[in-house]
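Participant: Let me begin by handing over the structure; questions about it come next.
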Amino acid sequence: FLECYGIYDGDRMVGFAVCGANPEDGTIWIARHMVGAEFQGQGYGRAGLRGIVAHLRAEHGPVPIFLDVAPANARATALYESEGFHDTGRVQGESRVYRLDPPA
């Protein structure tokens with residue numbers, strides 16, 4: 001299943017996220033995490049990511065959360081790594097797969 005969420009600042013939508021469970025193996029994924037170009041660099045990406053992770057933890061418990069990111073997207077990679085995601089070494093299409101482990 002996939003769930004879609006808007007990332008808002010008050011009534012203004014600044015970004016969008018898609019997340020859910022992979023039907024093949026049950027792993028939990030953030031399939032898309034996007035912030036509008038005019039809103040980037042203002043903390044919305046980090047705030048949105050934290051909200052998505054909190055929601056997924058509340059819904060699915062302490063399970064790993066996966067996402068993939070294009071290697072050329074250095075800003076997204078830096079954000080994900082600063083929030084605890086680590087490169088798994090796997091490649092999906094042209095993107096690197098990252099994993100956030102459950103809290104200890």
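Letters A, B, ... mark the chains of the structure tokens in the order given; residue numbers begin at 1 per chain; ligand numbers begin at 1, in order shown.
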Which residues, written as a ChimeraX atom specification, have at least one atom at most 6 Å from range 78-85 of chain A, with only C-alpha atoms counted and residues fewer than 5 positions away on the same chain left out?

Facilitator: /A:98-100

Participant: Chain A: which residues are strand (DSSP E) by DSSP, as an MDAnalysis selection string?

Facilitator: chainID A and resid 2:9 12:21 28:35 65:69 86:92 95:100

Participant: Between A:Val91, A:Ala47, A:Cys4, A:Ile65, which has the minimum distance to Thr27 in chain A (counting only C-alpha atoms)?

Facilitator: A:Ile65

Participant: Which residue out of A:Ala76, A:Cys19, A:Val69, A:Leu56 has the minimum interatomic distance to Pro102 in chain A when only C-alpha atoms are used?

Facilitator: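 Of A:Ala76, A:Cys19, A:Val69, A:Leu56, the one nearest Pro102 in chain A, counting only C-alpha atoms, is A:Leu56.
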
Participant: Pick out the closest residue to Gly89 in chain A from this set: A:Ala74, A:Tyr8, A:Gly45, A:Asp68. Count only C-alpha atoms.

Facilitator: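 Between A:Ala74, A:Tyr8, A:Gly45, A:Asp68, the residue approaching Gly89 in chain A most closely is A:Asp68.
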
Participant: As a PyMOL selection string, please: the residues near Ala70 in chain A (cut-off 7 Å, only C-alpha atoms, same-chain neighbours under 4 positions excluded).

Facilitator: chain A and resi 94-96

Participant: Smallest atom-to-atom distance to Val63 in chain A: which of A:Asn22, A:Glu38, A:Pro103, A:Thr88, using only C-alpha atoms?

Facilitator: A:Pro103

Participant: Going by DSSP on the backbone, which residues of chain A come out as alpha helix (DSSP H)? List them as a ChimeraX atom specification.

Facilitator: /A:44-60,74-82

Participant: Generate the output file for the selected residues, N, CA and C atoms, as a PDB file, in the first residue's frame.

Facilitator:
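Output (part-v5.pdb):
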```
ATOM      1  N   TYR A  44      12.142  22.645   5.597  1.00  0.00           N
ATOM      2  CA  TYR A  44      10.930  21.866   5.354  1.00  0.00           C
ATOM      3  C   TYR A  44      11.231  20.396   5.064  1.00  0.00           C
ATOM      4  N   GLY A  45      12.315  20.140   4.355  1.00  0.00           N
ATOM      5  CA  GLY A  45      12.676  18.756   4.055  1.00  0.00           C
ATOM      6  C   GLY A  45      12.952  17.963   5.317  1.00  0.00           C
ATOM      7  N   ARG A  46      13.722  18.539   6.219  1.00  0.00           N
ATOM      8  CA  ARG A  46      14.047  17.863   7.487  1.00  0.00           C
ATOM      9  C   ARG A  46      12.795  17.673   8.337  1.00  0.00           C
ATOM     10  N   ALA A  47      12.007  18.733   8.470  1.00  0.00           N
ATOM     11  CA  ALA A  47      10.777  18.634   9.270  1.00  0.00           C
ATOM     12  C   ALA A  47       9.824  17.601   8.671  1.00  0.00           C
ATOM     13  N   GLY A  48       9.679  17.623   7.350  1.00  0.00           N
ATOM     14  CA  GLY A  48       8.813  16.642   6.698  1.00  0.00           C
ATOM     15  C   GLY A  48       9.317  15.227   6.888  1.00  0.00           C
ATOM     16  N   LEU A  49      10.621  15.034   6.741  1.00  0.00           N
ATOM     17  CA  LEU A  49      11.200  13.701   6.919  1.00  0.00           C
ATOM     18  C   LEU A  49      10.969  13.189   8.331  1.00  0.00           C
ATOM     19  N   ARG A  50      11.199  14.038   9.308  1.00  0.00           N
ATOM     20  CA  ARG A  50      10.977  13.628  10.707  1.00  0.00           C
ATOM     21  C   ARG A  50       9.517  13.264  10.946  1.00  0.00           C
ATOM     22  N   GLY A  51       8.602  14.027  10.354  1.00  0.00           N
ATOM     23  CA  GLY A  51       7.182  13.712  10.495  1.00  0.00           C
ATOM     24  C   GLY A  51       6.816  12.390   9.850  1.00  0.00           C
ATOM     25  N   ILE A  52       7.367  12.139   8.674  1.00  0.00           N
ATOM     26  CA  ILE A  52       7.094  10.878   7.971  1.00  0.00           C
ATOM     27  C   ILE A  52       7.627   9.702   8.786  1.00  0.00           C
ATOM     28  N   VAL A  53       8.857   9.826   9.277  1.00  0.00           N
ATOM     29  CA  VAL A  53       9.452   8.744  10.066  1.00  0.00           C
ATOM     30  C   VAL A  53       8.628   8.497  11.326  1.00  0.00           C
ATOM     31  N   ALA A  54       8.227   9.551  12.006  1.00  0.00           N
ATOM     32  CA  ALA A  54       7.404   9.389  13.215  1.00  0.00           C
ATOM     33  C   ALA A  54       6.093   8.691  12.887  1.00  0.00           C
ATOM     34  N   HIS A  55       5.471   9.071  11.791  1.00  0.00           N
ATOM     35  CA  HIS A  55       4.217   8.431  11.379  1.00  0.00           C
ATOM     36  C   HIS A  55       4.437   6.947  11.083  1.00  0.00           C
ATOM     37  N   LEU A  56       5.486   6.632  10.331  1.00  0.00           N
ATOM     38  CA  LEU A  56       5.751   5.230   9.992  1.00  0.00           C
ATOM     39  C   LEU A  56       6.067   4.408  11.233  1.00  0.00           C
ATOM     40  N   ARG A  57       6.793   4.977  12.176  1.00  0.00           N
ATOM     41  CA  ARG A  57       7.090   4.268  13.429  1.00  0.00           C
ATOM     42  C   ARG A  57       5.802   4.024  14.225  1.00  0.00           C
ATOM     43  N   ALA A  58       4.910   5.014  14.255  1.00  0.00           N
ATOM     44  CA  ALA A  58       3.642   4.858  14.975  1.00  0.00           C
ATOM     45  C   ALA A  58       2.771   3.783  14.329  1.00  0.00           C
ATOM     46  N   GLU A  59       2.781   3.724  13.002  1.00  0.00           N
ATOM     47  CA  GLU A  59       1.946   2.768  12.275  1.00  0.00           C
ATOM     48  C   GLU A  59       2.531   1.359  12.237  1.00  0.00           C
ATOM     49  N   HIS A  60       3.854   1.248  12.125  1.00  0.00           N
ATOM     50  CA  HIS A  60       4.482  -0.053  11.866  1.00  0.00           C
ATOM     51  C   HIS A  60       5.412  -0.536  12.972  1.00  0.00           C
ATOM     52  N   ALA A  74      23.258  15.355  -3.857  1.00  0.00           N
ATOM     53  CA  ALA A  74      24.096  15.473  -2.658  1.00  0.00           C
ATOM     54  C   ALA A  74      23.338  16.089  -1.480  1.00  0.00           C
ATOM     55  N   ARG A  75      22.447  17.045  -1.742  1.00  0.00           N
ATOM     56  CA  ARG A  75      21.700  17.672  -0.643  1.00  0.00           C
ATOM     57  C   ARG A  75      20.774  16.670   0.039  1.00  0.00           C
ATOM     58  N   ALA A  76      20.067  15.855  -0.759  1.00  0.00           N
ATOM     59  CA  ALA A  76      19.173  14.851  -0.173  1.00  0.00           C
ATOM     60  C   ALA A  76      19.987  13.806   0.585  1.00  0.00           C
ATOM     61  N   THR A  77      21.096  13.369  -0.012  1.00  0.00           N
ATOM     62  CA  THR A  77      21.948  12.381   0.655  1.00  0.00           C
ATOM     63  C   THR A  77      22.426  12.913   1.999  1.00  0.00           C
ATOM     64  N   ALA A  78      22.877  14.162   2.035  1.00  0.00           N
ATOM     65  CA  ALA A  78      23.348  14.761   3.284  1.00  0.00           C
ATOM     66  C   ALA A  78      22.224  14.831   4.318  1.00  0.00           C
ATOM     67  N   LEU A  79      21.021  15.193   3.871  1.00  0.00           N
ATOM     68  CA  LEU A  79      19.878  15.243   4.785  1.00  0.00           C
ATOM     69  C   LEU A  79      19.607  13.868   5.367  1.00  0.00           C
ATOM     70  N   TYR A  80      19.476  12.873   4.515  1.00  0.00           N
ATOM     71  CA  TYR A  80      19.146  11.527   4.994  1.00  0.00           C
ATOM     72  C   TYR A  80      20.218  10.995   5.930  1.00  0.00           C
ATOM     73  N   GLU A  81      21.478  11.178   5.582  1.00  0.00           N
ATOM     74  CA  GLU A  81      22.555  10.694   6.450  1.00  0.00           C
ATOM     75  C   GLU A  81      22.554  11.427   7.793  1.00  0.00           C
ATOM     76  N   SER A  82      22.265  12.722   7.787  1.00  0.00           N
ATOM     77  CA  SER A  82      22.240  13.475   9.043  1.00  0.00           C
ATOM     78  C   SER A  82      21.076  13.056   9.936  1.00  0.00           C
TER      79      SER A  82
END
```
